[in-house]
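protein.cif, holding mmCIF, C-alpha atoms:
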```cif
data_start
#
loop_
_atom_site.group_PDB
_atom_site.id
_atom_site.type_symbol
_atom_site.label_atom_id
_atom_site.label_comp_id
_atom_site.auth_asym_id
_atom_site.auth_seq_id
_atom_site.Cartn_x
_atom_site.Cartn_y
_atom_site.Cartn_z
ATOM 1 C CA MET A 1 0.000 0.000 0.000
ATOM 2 C CA SER A 2 1.425 3.379 -0.997
ATOM 3 C CA PHE A 3 0.600 5.832 1.760
ATOM 4 C CA SER A 4 1.406 8.845 -0.372
ATOM 5 C CA HIS A 5 -1.694 7.847 -2.364
ATOM 6 C CA THR A 6 -3.783 6.466 0.512
ATOM 7 C CA LEU A 7 -5.254 9.849 1.323
ATOM 8 C CA MET A 8 -6.166 10.617 -2.272
ATOM 9 C CA PRO A 9 -9.765 9.336 -2.003
ATOM 10 C CA LEU A 10 -10.373 11.819 0.813
ATOM 11 C CA ASN A 11 -8.775 14.628 -1.199
ATOM 12 C CA ARG A 12 -11.116 13.765 -4.101
ATOM 13 C CA GLY A 13 -14.141 13.669 -1.791
ATOM 14 C CA ASP A 14 -14.474 9.914 -2.395
ATOM 15 C CA VAL A 15 -15.881 8.471 0.855
ATOM 16 C CA GLU A 16 -16.427 5.049 -0.727
ATOM 17 C CA GLY A 17 -12.801 4.996 -1.863
ATOM 18 C CA MET A 18 -11.708 5.793 1.709
ATOM 19 C CA CYS A 19 -13.803 2.941 3.085
ATOM 20 C CA LYS A 20 -12.222 0.460 0.658
ATOM 21 C CA LEU A 21 -8.789 1.127 2.193
ATOM 22 C CA PHE A 22 -9.799 -0.682 5.398
ATOM 23 C CA THR A 23 -10.270 -4.344 6.313
ATOM 24 C CA SER A 24 -13.858 -5.439 6.944
ATOM 25 C CA ASP A 25 -13.146 -5.683 10.701
ATOM 26 C CA ALA A 26 -11.036 -2.512 10.979
ATOM 27 C CA VAL A 27 -11.130 -0.407 14.116
ATOM 28 C CA ILE A 28 -10.679 3.339 13.706
ATOM 29 C CA HIS A 29 -9.708 5.316 16.794
ATOM 30 C CA GLY A 30 -10.847 8.908 16.520
ATOM 31 C CA LEU A 31 -11.761 11.909 18.615
ATOM 32 C CA MET A 32 -15.012 10.300 19.787
ATOM 33 C CA GLY A 33 -13.470 6.906 20.519
ATOM 34 C CA PRO A 34 -13.120 3.725 18.500
ATOM 35 C CA GLY A 35 -15.498 2.793 15.714
ATOM 36 C CA THR A 36 -15.982 0.834 12.526
ATOM 37 C CA VAL A 37 -15.630 2.015 8.961
ATOM 38 C CA GLU A 38 -19.420 2.259 8.803
ATOM 39 C CA SER A 39 -19.561 4.473 11.886
ATOM 40 C CA PHE A 40 -16.891 6.771 10.412
ATOM 41 C CA ARG A 41 -18.436 6.952 6.921
ATOM 42 C CA PRO A 42 -20.862 9.804 7.841
ATOM 43 C CA ILE A 43 -18.123 11.632 9.762
ATOM 44 C CA TRP A 44 -15.786 11.565 6.751
ATOM 45 C CA LYS A 45 -18.648 12.670 4.481
ATOM 46 C CA ASN A 46 -19.440 15.581 6.795
ATOM 47 C CA VAL A 47 -15.772 16.658 7.025
ATOM 48 C CA ILE A 48 -15.375 16.553 3.245
ATOM 49 C CA GLU A 49 -18.587 18.481 2.571
ATOM 50 C CA SER A 50 -18.302 20.995 5.429
ATOM 51 C CA LEU A 51 -14.584 21.686 5.671
ATOM 52 C CA GLU A 52 -13.282 20.831 2.194
ATOM 53 C CA GLU A 53 -10.435 19.017 3.928
ATOM 54 C CA HIS A 54 -7.269 18.303 1.962
ATOM 55 C CA LEU A 55 -4.304 16.275 3.254
ATOM 56 C CA GLN A 56 -0.689 16.575 2.145
ATOM 57 C CA VAL A 57 1.714 13.821 3.220
ATOM 58 C CA ASP A 58 4.834 15.363 4.763
ATOM 59 C CA ALA A 59 6.599 12.290 6.162
ATOM 60 C CA ILE A 60 6.126 8.538 6.338
ATOM 61 C CA ILE A 61 7.872 5.986 8.503
ATOM 62 C CA ALA A 62 7.187 2.251 8.364
ATOM 63 C CA GLU A 63 8.368 -0.886 10.104
ATOM 64 C CA ALA A 64 6.871 -4.334 9.522
ATOM 65 C CA ASN A 65 3.090 -3.799 9.441
ATOM 66 C CA ILE A 66 3.078 -0.387 11.185
ATOM 67 C CA VAL A 67 3.052 2.899 9.293
ATOM 68 C CA ALA A 68 3.073 6.411 10.770
ATOM 69 C CA VAL A 69 2.248 9.424 8.612
ATOM 70 C CA ARG A 70 2.685 13.119 9.398
ATOM 71 C CA PHE A 71 0.711 15.389 7.174
ATOM 72 C CA THR A 72 -0.507 18.927 6.735
ATOM 73 C CA GLU A 73 -4.272 19.192 6.881
ATOM 74 C CA ARG A 74 -5.928 22.184 5.236
ATOM 75 C CA GLY A 75 -9.549 23.115 4.822
ATOM 76 C CA LYS A 76 -12.182 25.800 4.733
ATOM 77 C CA SER A 77 -15.516 26.163 6.521
ATOM 78 C CA VAL A 78 -18.071 26.084 3.691
ATOM 79 C CA ARG A 79 -21.028 24.375 5.452
ATOM 80 C CA GLU A 80 -22.187 23.858 9.010
ATOM 81 C CA PHE A 81 -19.897 21.518 10.953
ATOM 82 C CA LYS A 82 -20.768 20.233 14.435
ATOM 83 C CA GLY A 83 -23.348 22.991 14.790
ATOM 84 C CA GLN A 84 -21.005 25.809 13.751
ATOM 85 C CA GLY A 85 -20.310 27.740 10.594
ATOM 86 C CA PRO A 86 -19.957 28.155 7.812
ATOM 87 C CA THR A 87 -17.491 30.947 8.470
ATOM 88 C CA GLY A 88 -15.655 30.992 5.146
ATOM 89 C CA LYS A 89 -12.389 30.846 7.107
ATOM 90 C CA SER A 90 -9.536 28.459 6.311
ATOM 91 C CA TYR A 91 -7.294 26.393 8.559
ATOM 92 C CA GLU A 92 -3.963 24.588 8.406
ATOM 93 C CA ILE A 93 -2.745 22.152 11.042
ATOM 94 C CA THR A 94 -0.261 19.313 11.382
ATOM 95 C CA ALA A 95 -1.754 15.887 12.056
ATOM 96 C CA ILE A 96 -0.376 12.418 12.636
ATOM 97 C CA GLU A 97 -1.939 9.062 11.790
ATOM 98 C CA TRP A 98 -0.732 5.635 12.909
ATOM 99 C CA PHE A 99 -1.799 2.588 10.914
ATOM 100 C CA GLU A 100 -1.610 -1.159 11.478
ATOM 101 C CA ILE A 101 -1.701 -2.950 8.117
ATOM 102 C CA LYS A 102 -3.197 -6.397 7.514
ATOM 103 C CA GLY A 103 -3.417 -7.973 4.061
ATOM 104 C CA ASN A 104 -2.361 -4.691 2.407
ATOM 105 C CA LEU A 105 -5.314 -2.846 3.982
ATOM 106 C CA ILE A 106 -5.647 -0.665 7.073
ATOM 107 C CA HIS A 107 -6.689 -2.827 10.020
ATOM 108 C CA ARG A 108 -6.301 -0.269 12.834
ATOM 109 C CA ARG A 109 -5.975 3.496 12.654
ATOM 110 C CA TRP A 110 -5.224 6.139 15.288
ATOM 111 C CA GLY A 111 -5.154 9.864 14.590
ATOM 112 C CA ALA A 112 -3.929 12.937 16.461
ATOM 113 C CA ARG A 113 -4.597 16.505 15.421
ATOM 114 C CA ASP A 114 -4.776 19.906 17.065
ATOM 115 C CA THR A 115 -8.547 20.365 16.959
ATOM 116 C CA ALA A 116 -8.339 23.422 19.250
ATOM 117 C CA SER A 117 -6.129 25.214 16.710
ATOM 118 C CA GLN A 118 -8.355 24.054 13.849
ATOM 119 C CA PHE A 119 -11.488 25.425 15.540
ATOM 120 C CA ARG A 120 -9.735 28.695 16.475
ATOM 121 C CA GLN A 121 -8.617 29.261 12.861
ATOM 122 C CA LEU A 122 -12.128 28.480 11.588
ATOM 123 C CA GLY A 123 -13.690 30.917 14.055
ATOM 124 C CA PHE A 124 -15.582 28.124 15.864
ATOM 125 C CA LYS A 125 -16.338 28.107 19.582
ATOM 126 C CA GLN A 126 -14.544 25.385 21.542
#
```
Write-out of the structure in structure tokens:
Amino acid sequence: MSFSHTLMPLNRGDVEGMCKLFTSDAVIHGLMGPGTVESFRPIWKNVIESLEEHLQVDAIIAEANIVAVRFTERGKSVREFKGQGPTGKSYEITAIEWFEIKGNLIHRRWGARDTASQFRQLGFKQ
């Protein structure tokens, strides 16, 4: 799996393409706790439609079946997101994702991002 291209479905707004990157029993650890691909599908859709999120891979490190990616996340508030906006403001933050790979697909995923900075740049209340 080429992680420089893994984020491309998200950058194209392709939620189905994102979902196909994961094993059928994948666990995704996010801000609201762990979930399945199906539970994250509407979240990804909302982020794409509301924040026009775009990810740029800045660094990748891999060992065995573990891959860590540091990227720059950019977006713009164009629709309501979590009850706020749209503000028309843009944001740029650094984020990190940690993946466990199984059968050339993502089996586990953890993410860390500075949501406080993101919300501040977008003009959202925290």
Check your understanding: If you apply the PyMOL selection byres ((chain A and resi 31) around 12) to this file, what residues do you get, as a ChimeraX atom specification?
Key -> /A:28-30,32-35,40,43,109-115
Hey, what's within 10 Å of Thr87 of chain A if we count only C-alpha atoms and toss same-chain stuff fewer than 5 positions away? As a tab-separated table (two decimals) with C-alpha atoms, in the frame of the given file, please?
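The resulting file, part-v5.tsv, is reproduced below:
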```
chain	number	residue	atom	x	y	z
A	76	LYS	CA	-12.18	25.80	4.73
A	77	SER	CA	-15.52	26.16	6.52
A	78	VAL	CA	-18.07	26.08	3.69
A	79	ARG	CA	-21.03	24.38	5.45
A	80	GLU	CA	-22.19	23.86	9.01
A	122	LEU	CA	-12.13	28.48	11.59
A	123	GLY	CA	-13.69	30.92	14.06
A	124	PHE	CA	-15.58	28.12	15.86
```
Exercise for review: May I ask for the distance between atom CA of Glu92 of chain A and atom CA of Glu73 of chain A, given in Å to one decimal place?
Suggested key: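 So the two atoms, atom CA of Glu92 of chain A and atom CA of Glu73 of chain A, lie 5.6 Å apart.
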Practice item. Could you jot down the atom CA of Thr36 of chain A to atom CA of Gln56 of chain A separation for me, Å, one decimal place? Key: 24.3 Å
Practice item. Tell me which protein, DNA and RNA residues are within 6 Å of His107 of chain A, counting only C-alpha atoms, leaving out same-chain ones fewer than 2 positions away, and put them as a list in words. Key: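 Here the qualifying residues turn out to be Phe22, Thr23, Ala26, Glu100, Ile101 and Lys102 of chain A.
Using the PyMOL selection byres ((chain A and resi 58) around 7) on this structure selects Gln56, Val57, Ala59, Arg70, Phe71 and Thr72 of chain A.
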Check your understanding: the PyMOL selection byres ((chain A and resi 14) around 12) on the file shown: which residues, as a list in words?
Key ->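 With the shown file as input, the PyMOL selection byres ((chain A and resi 14) around 12) matches Thr6, Leu7, Met8, Pro9, Leu10, Asn11, Arg12, Gly13, Val15, Glu16, Gly17, Met18, Cys19, Lys20, Leu21, Arg41, Trp44, Lys45, Asn46, Val47, Ile48, Glu49, Glu52, Glu53 and His54 of chain A.
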Please put the answer as JSON: centre and edge lengths, in Å with one decimal, of a box along x, y and z that encloses all listed atoms of segment 118-122 of chain A plus 8 Å on each side.
```
{"center_x": -10.2, "center_y": 26.7, "center_z": 14.0, "size_x": 19.8, "size_y": 21.2, "size_z": 20.9}
```
Exercise for review: Kindly give the distance, in Å, that separates atom CA of Ile60 of chain A and atom CA of Trp98 of chain A, rounded to a single decimal.
Suggested key: 9.9 Å
